[in-house]
Amino acid sequence: MPGKPKSSITKVTGSGSSPAGEVAAGPSRVAVRKTYKLYIGGAFPRSESGRSYPVTGSDGTLLAHAAQASRKDVRDAVVAARKAFPGWSGATAYNRGQVLYRIAEMMEGRREQFAAEVRAAEGGSPEQASAQVDAAIDRWVWYAGWTDKWAQVAGGSNPVAGPYFNFSLPEASGVVGIVAPPESSLLGFVSVVAPAVATGNTVVVIAAPQRPLPAVSLAEALATSDLPGGVINLLTGSVGELAPWLAGHRDVNCLDLTGVAPADRVALAVAAADTVKRVFAPTGFDPAAEPGTARLAAFTETKTVWHPMGV
Amino acid sequence: MTVFEYAPAPESREIARLKPHYGIFVDGRFSDGRGEAIKTINPATEEPLTEVAEASADDVDDAVTAARQAFEPWAALPGSVRAKYLFRIARAMQERARELAVLESLDNGKPIRESRDVDVPTAAAHFFYYAGWADKLGYAGFGPQPRPIGVAGQVIPWNFPLLMAAWKIAPALATGNTVVLKPAETTPLTAITLAEIIAECDLPPGVVNVLPGGPAVGQAIVDHPGIDKIAFTGSTSVGKMIQRSVAASGKRVSLELGGKAANIVFDDAPLDQAVEGIVNGIFFNQGHVCCAGSRLLVQESIHDELIGALHHRLRTLRLGDPLDKNTDIGAINSAAQLARIRELADSGVAEGAERWSPDCALPDRGFWFPPTLFTGVSQANRIAREEIFGPVLSVLTFRTPAEAVEKANNTPYGLSAGIWTEKGSRILWMANRLRAGVVWANTFNRFDPSSPFGGYKESGFGREGGRHGLAAYLESENYLAR
Amino acid sequence: MTATLRPGPLAELARDDSSLRRFLHGLSGVDQVGAEGRAAMLATRSIKTTAKAWAIDAAIGMVDLTTLEGSDTPGKVRSLCAKAMRPDPSDAGVPAVAAVCVYPDLVETAVRALAGSRVQVASVATAFPSGRAALATKLVDVAEAVAAGASEIDMVIDRGAFLAGRYGQVFDEIAAVKQACGSAHLKVILETGELVTLDNVRRASWLALLAGGDFIKTSTGKVSPAATPPVALVMLQAVRDFADRTGELRGVKLAGGIRSAKEAVRYLVMVNEVAGQAWLRPEAFRFGASSLLNDLLQQRHKLATGAYDGPDYVTVD
């Protein structure tokens, strides 16, 4: 059996400060380990392919075997996202705000777990890890506030020269395929997912391949936070293998290539052109900066309505 | 039982957790005010509910000082931090929603169905909405870094005690102002409980101060030199006094005053829904609503049909115990208000309009007025011109859209209006011409934190709610919109 | 009762397609949001203690206990009839239901099983549930059910014709079926889930009432959505307005998807406040249901014992 038995042993006997969050109650306590699975349609399946891949921490120790998603998992995730789209985009903006805020509440209660997982994945000090978790929670709060304001900022009435009432509104584009940034396992992930769902899109997101575990744990918070199943679908595995299927999928409306290296973006952008997907590929992504509104704008359409005025 | 008679379904008053005494809230602490304590009564029974401390002029001084001291640090906090406090308040209100609803109905007399389904959830939603703005003010169209005004003195009415407190406090805090709020003399309890919630949410002391009391406290707040902005909701006569009082002071003012809204029904209206909208427009909260649709303008061709349908519907209204979950019409808030409604209704009869009410037994004790319909009203009658602020609907007729607009606008007020027709083009034509701050089409009395609310003409100025509601609490340079 | 309209101001309407169209499209529109809001407000009524007890018994007496499966057998129908006459074996005080509703070929079985009781036998006819058959076939279907002893006939309208605007055809078909019913009562199923808009529900309601339907009924139970509160609201408004204009009291039957006592009580509140007390009896209001009855019985037990009931304490028939 392939793998790294040595590091595996290290983990079982890990102390209370085990980076993966395995807090041992005492020397005799054998920790119960978590299986890190995909999150599709509100459920946590293993990959349909049955594959997994080892995920190691910043110090090289084995943290877990994550599910290695296949093209069929992409397919299933897109189906789930499309199914969830009418309900989520049709929910009131107020309701979406409540749900996003609830996600922040759910994360707040698990701050230590997230911090431990972030630190295991990325290294750094406990303070840095905690700061990233706090920023990720606050980012949900930021977008919770945007849900019912974006239309007020991005929309408005247009004083056309004639007896017409004319107004423009932003509407969710549909299903957004996202490649999460590789460097920031939690804040980066939240920073790309939250703006897409805030405006009513549903999402299929590929987590950072080398550091997917905090995102999988986040999915567990999502599953307990009033977020309808299918609004956020999480895949772990190889970007090189999965992203082309997402880019070429005819039922995906937008593509966020934040987590794709510049050299690899072109092929995906070309594939996306087949169905005229909106492609968002920012340069110089800094998850710590104030997010602004570019990501809200990237995945919304503007709809303009004309109506006559007369007796 | 041979017919379907609804058994009493009263909400328990224990849920309100009434205390024997309520204090004033200054600088983060509750204390006895230095004024005379007020006895509040349950308007549905006239029984005393509890005792509330009244603020004195010195208490106003202390509150303004506390608010002044709290202002700079509060305004200097990152918006995201203020946002979190407001989100906390919103959540805490949601958690204590039932308690607040029962307390509101006890103190105000409004049906529990309304306090439970409208007042409290809308109040919490208002905090939730403005929480989200606190760290996004640069996107609101008031320049890149809009600044707060300072200390806001806020005086609110008795018709929606908690909701009006939320409308006032939430935008003020989101934009970085601090607050001295005076609830109405007859309905202070939910505002004081909101102060308790605010204290539990660990807001810095002095950011919100709540001073129960009567007109003298209100006047002291209005006149206080340490206050930078006055926000008032109430009668037009008091609003005018306030505007005069602060004329020379340089204080910013926003006023949300009275109304005499026209609810205009065309012959192609969805009639069953129009009936509901008319009923909701005038009998919601016993008609104690500044934007109430108190003038029904009905196209002459459907007058009789509509009045018949209204009679049918009014007979099903359930008047009585505000805490009964099936009550539609509760108590009038005070003896004084009841006297005013009676006086105006009597004038309607004296001026020749025809008065009708369904058979409806009024409780022996408490302040009650039956749902009342006046037909044959003319524009010249007092009941067509003066704000009654009670469950009294005046019915007038019109023949053409232009006449409807003319009659609707023929009032010094301009808060709201309703249009009922299935023809969209006419809705927009009418809306374009109506001189009113809110126009409801095929609905009435809808409120949402994201939707600006406020009046034209003598109904006041400034808007509450929505992006526009921020303007009332921001320094006035760089305005995109007021 | 005759199949055609009695002489009167409304009789003129059925003269032809265009006059029907003028009338139906001249009815006041229904604003969906407002109608839903009204239905939601009525759902907040809190029905407790004595009112609840009354409502539960009233609802039991308004049930058309229904089985409309391809797998129905005489044994199944006999069992259902026993339940209809005595819903709760442990309590003779529970009223019998209004009717048993079966396919035409099982009418005879039901009639025999219910002999001597006041429970009516209703039968779906007219090529239920699609209604896609020639008129002659539908009439034979009706005649046979009536001949077998059905005292109530539940027909389906031709939704295709209705949606295509051939109102005269729908009218004539209902009128013909009414005639074939003889003395049996006719319930006209609008299949509101296929009419989709509340404006259509209002027009179809009036069309069915004008053509002589004794009841208007929401659904076959085979199409979703079936009975919903806004649809019930609009249909109750139709019978109320029809009574205002003609003095004739026609009934409403809600069918499909009503499974809980709570929903049933909410609908009775709606009947009470929208149509009025006169409709709160089995002659004017029915629930077409199967599993609803057991929930009503369980809630009845709850009121009697004070303890929540379990499914093992009601019979499965």
# chains A, B, ... in the order shown; residues from 1 in each chain; ligands from 1
$ select_by_dssp --residues "segment 98-302 of chain C" --states "strand (DSSP E or B)" --output "number ranges by chain"
C: 99-102, 120-124, 152-156, 185-189, 215-217, 251-255, 285-289
$ write_last_selection --atoms "N, CA and C atoms" --output "short mmCIF file (atom, residue, chain, number, x, y, z; two decimals), in the first residue's frame"
data_model
loop_
_atom_site.label_atom_id
_atom_site.label_comp_id
_atom_site.auth_asym_id
_atom_site.auth_seq_id
_atom_site.Cartn_x
_atom_site.Cartn_y
_atom_site.Cartn_z
N ALA C 99 -68.32 11.40 2.36
CA ALA C 99 -68.47 10.52 1.21
C ALA C 99 -67.22 9.65 1.05
N VAL C 100 -67.41 8.59 0.27
CA VAL C 100 -66.27 7.81 -0.18
C VAL C 100 -66.15 8.06 -1.67
N CYS C 101 -64.91 8.29 -2.12
CA CYS C 101 -64.71 8.64 -3.52
C CYS C 101 -63.86 7.57 -4.20
N VAL C 102 -64.43 6.93 -5.24
CA VAL C 102 -63.75 5.82 -5.91
C VAL C 102 -63.88 5.95 -7.43
N GLN C 120 -72.11 9.29 1.48
CA GLN C 120 -72.40 9.30 0.05
C GLN C 120 -71.31 8.54 -0.71
N VAL C 121 -71.70 8.11 -1.90
CA VAL C 121 -70.69 7.53 -2.78
C VAL C 121 -70.42 8.52 -3.92
N ALA C 122 -69.18 8.93 -3.98
CA ALA C 122 -68.76 9.81 -5.05
C ALA C 122 -67.89 9.02 -6.01
N SER C 123 -67.99 9.38 -7.27
CA SER C 123 -67.14 8.70 -8.24
C SER C 123 -66.52 9.72 -9.19
N VAL C 124 -65.24 9.54 -9.44
CA VAL C 124 -64.63 10.35 -10.48
C VAL C 124 -65.08 9.75 -11.80
N GLU C 152 -72.69 11.35 -6.21
CA GLU C 152 -71.87 12.52 -6.50
C GLU C 152 -70.88 12.15 -7.60
N ILE C 153 -70.72 13.05 -8.55
CA ILE C 153 -69.79 12.79 -9.66
C ILE C 153 -68.72 13.89 -9.65
N ASP C 154 -67.47 13.47 -9.67
CA ASP C 154 -66.36 14.42 -9.77
C ASP C 154 -65.81 14.36 -11.19
N MET C 155 -66.07 15.41 -11.96
CA MET C 155 -65.58 15.44 -13.34
C MET C 155 -64.36 16.36 -13.46
N VAL C 156 -63.57 16.15 -14.52
CA VAL C 156 -62.47 17.08 -14.78
C VAL C 156 -62.81 17.91 -16.00
N HIS C 185 -75.03 14.91 -7.58
CA HIS C 185 -74.36 16.21 -7.51
C HIS C 185 -73.10 16.20 -8.35
N LEU C 186 -72.83 17.33 -8.96
CA LEU C 186 -71.65 17.40 -9.83
C LEU C 186 -70.58 18.29 -9.20
N LYS C 187 -69.39 17.71 -9.05
CA LYS C 187 -68.23 18.50 -8.62
C LYS C 187 -67.32 18.65 -9.84
N VAL C 188 -66.98 19.88 -10.12
CA VAL C 188 -66.18 20.16 -11.32
C VAL C 188 -64.72 20.41 -10.92
N ILE C 189 -63.87 19.52 -11.37
CA ILE C 189 -62.44 19.65 -11.04
C ILE C 189 -61.77 20.59 -12.04
N PHE C 215 -70.42 21.90 -7.18
CA PHE C 215 -69.18 22.19 -6.45
C PHE C 215 -68.12 22.57 -7.47
N ILE C 216 -67.17 23.40 -7.05
CA ILE C 216 -65.94 23.50 -7.81
C ILE C 216 -64.84 22.90 -6.96
N LYS C 217 -63.97 22.14 -7.61
CA LYS C 217 -62.98 21.34 -6.91
C LYS C 217 -61.61 21.66 -7.48
N GLY C 251 -70.81 24.82 -3.74
CA GLY C 251 -69.77 24.37 -2.81
C GLY C 251 -68.37 24.40 -3.37
N VAL C 252 -67.41 24.21 -2.49
CA VAL C 252 -65.99 24.12 -2.85
C VAL C 252 -65.42 22.84 -2.27
N LYS C 253 -64.65 22.13 -3.09
CA LYS C 253 -63.93 20.96 -2.58
C LYS C 253 -62.45 21.14 -2.84
N LEU C 254 -61.69 21.03 -1.77
CA LEU C 254 -60.24 21.11 -1.88
C LEU C 254 -59.70 19.68 -1.87
N ALA C 255 -58.87 19.37 -2.84
CA ALA C 255 -58.36 18.01 -2.91
C ALA C 255 -56.91 18.03 -3.34
N PHE C 285 -68.91 22.36 1.58
CA PHE C 285 -67.45 22.34 1.61
C PHE C 285 -66.94 20.93 1.90
N ARG C 286 -65.94 20.52 1.13
CA ARG C 286 -65.38 19.17 1.29
C ARG C 286 -63.87 19.20 1.20
N PHE C 287 -63.29 18.22 1.85
CA PHE C 287 -61.88 17.91 1.65
C PHE C 287 -61.80 16.58 0.93
N GLY C 288 -61.13 16.53 -0.20
CA GLY C 288 -60.85 15.26 -0.83
C GLY C 288 -59.51 14.77 -0.31
N ALA C 289 -59.51 13.65 0.40
CA ALA C 289 -58.28 13.27 1.06
C ALA C 289 -58.28 11.81 1.42
#
$ residues_around --residues "Ser115 of chain B" --least-positions-apart "4" --cutoff "10 Å" --atoms "only C-alpha atoms" --output "list in words"
Ala97, Arg98, Leu100, Ala101, Val102, Leu103, Glu104, Ser105, Asn108, Gly109, Lys110, Pro111, Asp119, Val120, Pro121, Thr122, Phe160, Leu162, Leu163, Asn285, Pro322 and Leu323 of chain B
$ interface_residues --of "chain B" --to "chain A" --cutoff "8 Å" --atoms "only C-alpha atoms" --output "JSON, numbers by chain"
{"B": [80, 128, 129, 131, 132, 133, 135, 139, 140, 141, 401, 424, 425, 426, 427, 428, 429, 430, 450, 467]}
$ write_last_selection --atoms "C-alpha atoms" --output "PDB file, in the first residue's frame"
ATOM      1  CA  SER B  80     -16.479  46.785  10.373  1.00  0.00           C
ATOM      2  CA  PHE B 128     -29.280  44.045  10.238  1.00  0.00           C
ATOM      3  CA  TYR B 129     -29.506  46.221   7.144  1.00  0.00           C
ATOM      4  CA  ALA B 131     -25.037  46.957  10.134  1.00  0.00           C
ATOM      5  CA  GLY B 132     -24.061  46.031   6.612  1.00  0.00           C
ATOM      6  CA  TRP B 133     -23.605  49.675   5.624  1.00  0.00           C
ATOM      7  CA  ASP B 135     -18.180  49.325   6.676  1.00  0.00           C
ATOM      8  CA  TYR B 139     -19.754  52.900  -1.631  1.00  0.00           C
ATOM      9  CA  ALA B 140     -22.987  54.657  -0.719  1.00  0.00           C
ATOM     10  CA  GLY B 141     -22.522  57.630  -3.002  1.00  0.00           C
ATOM     11  CA  PRO B 401     -56.971  59.646 -13.479  1.00  0.00           C
ATOM     12  CA  GLY B 424     -49.017  49.118 -15.186  1.00  0.00           C
ATOM     13  CA  SER B 425     -48.673  52.117 -17.445  1.00  0.00           C
ATOM     14  CA  ARG B 426     -51.247  54.009 -15.417  1.00  0.00           C
ATOM     15  CA  ILE B 427     -49.537  53.110 -12.163  1.00  0.00           C
ATOM     16  CA  LEU B 428     -46.351  54.777 -13.339  1.00  0.00           C
ATOM     17  CA  TRP B 429     -48.200  57.765 -14.806  1.00  0.00           C
ATOM     18  CA  MET B 430     -49.932  58.283 -11.485  1.00  0.00           C
ATOM     19  CA  SER B 450     -33.815  48.814   2.225  1.00  0.00           C
ATOM     20  CA  ARG B 467     -29.122  53.983   1.103  1.00  0.00           C
TER      21      ARG B 467
END
$ select_by_dssp --residues "segment 22-88 of chain B" --states "alpha helix (DSSP H)" --output "PyMOL selection string"
chain B and resi 57-76+79-88
$ write_last_selection --atoms "N, CA and C atoms" --output "PDB file, in the first residue's frame"
ATOM      1  N   ALA B  57     -34.030  67.778  32.987  1.00  0.00           N
ATOM      2  CA  ALA B  57     -33.120  68.549  32.142  1.00  0.00           C
ATOM      3  C   ALA B  57     -31.665  68.189  32.452  1.00  0.00           C
ATOM      4  N   ASP B  58     -31.376  67.925  33.717  1.00  0.00           N
ATOM      5  CA  ASP B  58     -30.012  67.523  34.083  1.00  0.00           C
ATOM      6  C   ASP B  58     -29.642  66.173  33.464  1.00  0.00           C
ATOM      7  N   ASP B  59     -30.624  65.292  33.444  1.00  0.00           N
ATOM      8  CA  ASP B  59     -30.364  63.987  32.819  1.00  0.00           C
ATOM      9  C   ASP B  59     -30.073  64.164  31.326  1.00  0.00           C
ATOM     10  N   VAL B  60     -30.803  65.084  30.705  1.00  0.00           N
ATOM     11  CA  VAL B  60     -30.534  65.366  29.292  1.00  0.00           C
ATOM     12  C   VAL B  60     -29.095  65.845  29.133  1.00  0.00           C
ATOM     13  N   ASP B  61     -28.693  66.753  30.020  1.00  0.00           N
ATOM     14  CA  ASP B  61     -27.308  67.242  30.031  1.00  0.00           C
ATOM     15  C   ASP B  61     -26.307  66.093  30.112  1.00  0.00           C
ATOM     16  N   ASP B  62     -26.553  65.214  31.090  1.00  0.00           N
ATOM     17  CA  ASP B  62     -25.642  64.082  31.286  1.00  0.00           C
ATOM     18  C   ASP B  62     -25.595  63.190  30.047  1.00  0.00           C
ATOM     19  N   ALA B  63     -26.768  62.977  29.490  1.00  0.00           N
ATOM     20  CA  ALA B  63     -26.828  62.082  28.331  1.00  0.00           C
ATOM     21  C   ALA B  63     -26.087  62.692  27.145  1.00  0.00           C
ATOM     22  N   VAL B  64     -26.272  63.990  26.949  1.00  0.00           N
ATOM     23  CA  VAL B  64     -25.588  64.646  25.828  1.00  0.00           C
ATOM     24  C   VAL B  64     -24.073  64.627  26.065  1.00  0.00           C
ATOM     25  N   THR B  65     -23.678  64.870  27.312  1.00  0.00           N
ATOM     26  CA  THR B  65     -22.247  64.813  27.629  1.00  0.00           C
ATOM     27  C   THR B  65     -21.688  63.422  27.347  1.00  0.00           C
ATOM     28  N   ALA B  66     -22.420  62.412  27.778  1.00  0.00           N
ATOM     29  CA  ALA B  66     -21.964  61.037  27.549  1.00  0.00           C
ATOM     30  C   ALA B  66     -21.873  60.747  26.060  1.00  0.00           C
ATOM     31  N   ALA B  67     -22.869  61.202  25.340  1.00  0.00           N
ATOM     32  CA  ALA B  67     -22.888  60.952  23.889  1.00  0.00           C
ATOM     33  C   ALA B  67     -21.749  61.696  23.199  1.00  0.00           C
ATOM     34  N   ARG B  68     -21.469  62.913  23.682  1.00  0.00           N
ATOM     35  CA  ARG B  68     -20.363  63.705  23.126  1.00  0.00           C
ATOM     36  C   ARG B  68     -19.032  62.997  23.330  1.00  0.00           C
ATOM     37  N   GLN B  69     -18.857  62.517  24.578  1.00  0.00           N
ATOM     38  CA  GLN B  69     -17.588  61.856  24.883  1.00  0.00           C
ATOM     39  C   GLN B  69     -17.430  60.563  24.094  1.00  0.00           C
ATOM     40  N   ALA B  70     -18.556  59.901  23.884  1.00  0.00           N
ATOM     41  CA  ALA B  70     -18.481  58.621  23.169  1.00  0.00           C
ATOM     42  C   ALA B  70     -18.288  58.830  21.670  1.00  0.00           C
ATOM     43  N   PHE B  71     -18.619  60.028  21.186  1.00  0.00           N
ATOM     44  CA  PHE B  71     -18.677  60.236  19.740  1.00  0.00           C
ATOM     45  C   PHE B  71     -17.348  59.998  19.026  1.00  0.00           C
ATOM     46  N   GLU B  72     -16.291  60.695  19.464  1.00  0.00           N
ATOM     47  CA  GLU B  72     -15.032  60.593  18.713  1.00  0.00           C
ATOM     48  C   GLU B  72     -14.530  59.154  18.616  1.00  0.00           C
ATOM     49  N   PRO B  73     -14.421  58.458  19.762  1.00  0.00           N
ATOM     50  CA  PRO B  73     -13.944  57.072  19.653  1.00  0.00           C
ATOM     51  C   PRO B  73     -14.873  56.173  18.831  1.00  0.00           C
ATOM     52  N   TRP B  74     -16.155  56.406  18.958  1.00  0.00           N
ATOM     53  CA  TRP B  74     -17.112  55.577  18.199  1.00  0.00           C
ATOM     54  C   TRP B  74     -16.960  55.831  16.704  1.00  0.00           C
ATOM     55  N   ALA B  75     -16.852  57.088  16.345  1.00  0.00           N
ATOM     56  CA  ALA B  75     -16.709  57.440  14.931  1.00  0.00           C
ATOM     57  C   ALA B  75     -15.367  56.953  14.387  1.00  0.00           C
ATOM     58  N   ALA B  76     -14.377  56.876  15.280  1.00  0.00           N
ATOM     59  CA  ALA B  76     -13.043  56.473  14.828  1.00  0.00           C
ATOM     60  C   ALA B  76     -12.905  54.966  14.667  1.00  0.00           C
ATOM     61  N   GLY B  79     -15.389  50.842  10.440  1.00  0.00           N
ATOM     62  CA  GLY B  79     -16.795  50.547  10.166  1.00  0.00           C
ATOM     63  C   GLY B  79     -17.131  49.097  10.451  1.00  0.00           C
ATOM     64  N   SER B  80     -16.191  48.206  10.183  1.00  0.00           N
ATOM     65  CA  SER B  80     -16.479  46.785  10.373  1.00  0.00           C
ATOM     66  C   SER B  80     -16.719  46.458  11.845  1.00  0.00           C
ATOM     67  N   VAL B  81     -16.139  47.248  12.723  1.00  0.00           N
ATOM     68  CA  VAL B  81     -16.353  47.010  14.155  1.00  0.00           C
ATOM     69  C   VAL B  81     -17.746  47.516  14.554  1.00  0.00           C
ATOM     70  N   ARG B  82     -18.081  48.710  14.084  1.00  0.00           N
ATOM     71  CA  ARG B  82     -19.441  49.192  14.356  1.00  0.00           C
ATOM     72  C   ARG B  82     -20.466  48.217  13.776  1.00  0.00           C
ATOM     73  N   ALA B  83     -20.149  47.691  12.594  1.00  0.00           N
ATOM     74  CA  ALA B  83     -21.059  46.735  11.961  1.00  0.00           C
ATOM     75  C   ALA B  83     -21.329  45.560  12.886  1.00  0.00           C
ATOM     76  N   LYS B  84     -20.275  45.064  13.497  1.00  0.00           N
ATOM     77  CA  LYS B  84     -20.459  43.883  14.339  1.00  0.00           C
ATOM     78  C   LYS B  84     -21.354  44.173  15.541  1.00  0.00           C
ATOM     79  N   TYR B  85     -21.197  45.356  16.104  1.00  0.00           N
ATOM     80  CA  TYR B  85     -22.100  45.711  17.210  1.00  0.00           C
ATOM     81  C   TYR B  85     -23.555  45.727  16.742  1.00  0.00           C
ATOM     82  N   LEU B  86     -23.771  46.305  15.558  1.00  0.00           N
ATOM     83  CA  LEU B  86     -25.152  46.392  15.070  1.00  0.00           C
ATOM     84  C   LEU B  86     -25.706  45.011  14.722  1.00  0.00           C
ATOM     85  N   PHE B  87     -24.851  44.169  14.136  1.00  0.00           N
ATOM     86  CA  PHE B  87     -25.304  42.795  13.876  1.00  0.00           C
ATOM     87  C   PHE B  87     -25.688  42.114  15.191  1.00  0.00           C
ATOM     88  N   ARG B  88     -24.898  42.336  16.204  1.00  0.00           N
ATOM     89  CA  ARG B  88     -25.211  41.763  17.513  1.00  0.00           C
ATOM     90  C   ARG B  88     -26.582  42.208  17.993  1.00  0.00           C
TER      91      ARG B  88
END
$ interface_residues --of "chain B" --to "chain C" --cutoff "8 Å" --atoms "only C-alpha atoms" --output "list in words"
Met1, Val3, Phe4, Glu5, Tyr6, Ala7, Pro8, Ala9, Arg113, Asp268, Ala269, Pro270, Leu271, Asp272, Gln273, Glu276, Thr316, Lys325, Asn326, Glu422, Asn442 and Thr443 of chain B
$ atom_distance --atom1 "atom CA of Ala204 of chain C" --atom2 "atom CA of Glu283 of chain C"
21.1 Å
$ residues_around --residues "Thr187 of chain B" --least-positions-apart "2" --cutoff "8 Å" --atoms "only C-alpha atoms" --output "ChimeraX atom specification"
/B:40,104,107-108,158,161,183-185,189-190
$ write_last_selection --atoms "C-alpha atoms" --output "CSV table (one decimal), in the first residue's frame"
chain,number,residue,atom,x,y,z
B,40,THR,CA,-47.6,53.6,32.2
B,104,GLU,CA,-45.0,46.2,22.8
B,107,ASP,CA,-47.7,49.0,26.3
B,108,ASN,CA,-49.1,50.2,23.0
B,158,TRP,CA,-45.9,56.0,20.3
B,161,PRO,CA,-42.3,52.4,19.6
B,183,PRO,CA,-39.3,57.4,23.4
B,184,ALA,CA,-42.9,58.6,23.7
B,185,GLU,CA,-44.4,59.2,27.1
B,189,LEU,CA,-41.0,50.1,27.6
B,190,THR,CA,-39.6,48.5,24.4
$ atom_distance --atom1 "atom CA of Val279 of chain B" --atom2 "atom CA of Asp321 of chain B"
19.2 Å
$ decode --residues "segment 397-417 of chain B" --atoms "C-alpha atoms" --output "CSV table (one decimal), in the first residue's frame"
chain,number,residue,atom,x,y,z
B,397,THR,CA,-65.0,59.5,-5.5
B,398,PHE,CA,-63.3,60.5,-8.8
B,399,ARG,CA,-64.0,60.1,-12.5
B,400,THR,CA,-60.6,60.3,-14.3
B,401,PRO,CA,-57.0,59.6,-13.5
B,402,ALA,CA,-56.2,63.4,-13.7
B,403,GLU,CA,-59.0,64.1,-11.1
B,404,ALA,CA,-57.7,61.4,-8.9
B,405,VAL,CA,-54.2,62.9,-8.9
B,406,GLU,CA,-55.6,66.4,-8.3
B,407,LYS,CA,-57.6,65.3,-5.3
B,408,ALA,CA,-54.8,63.1,-3.9
B,409,ASN,CA,-52.4,66.0,-4.1
B,410,ASN,CA,-54.9,68.5,-2.7
B,411,THR,CA,-53.5,68.4,0.9
B,412,PRO,CA,-50.7,70.0,2.7
B,413,TYR,CA,-49.4,66.5,3.5
B,414,GLY,CA,-47.4,64.3,1.1
B,415,LEU,CA,-46.2,61.2,2.9
B,416,SER,CA,-47.7,58.3,0.9
B,417,ALA,CA,-50.3,57.2,-1.6
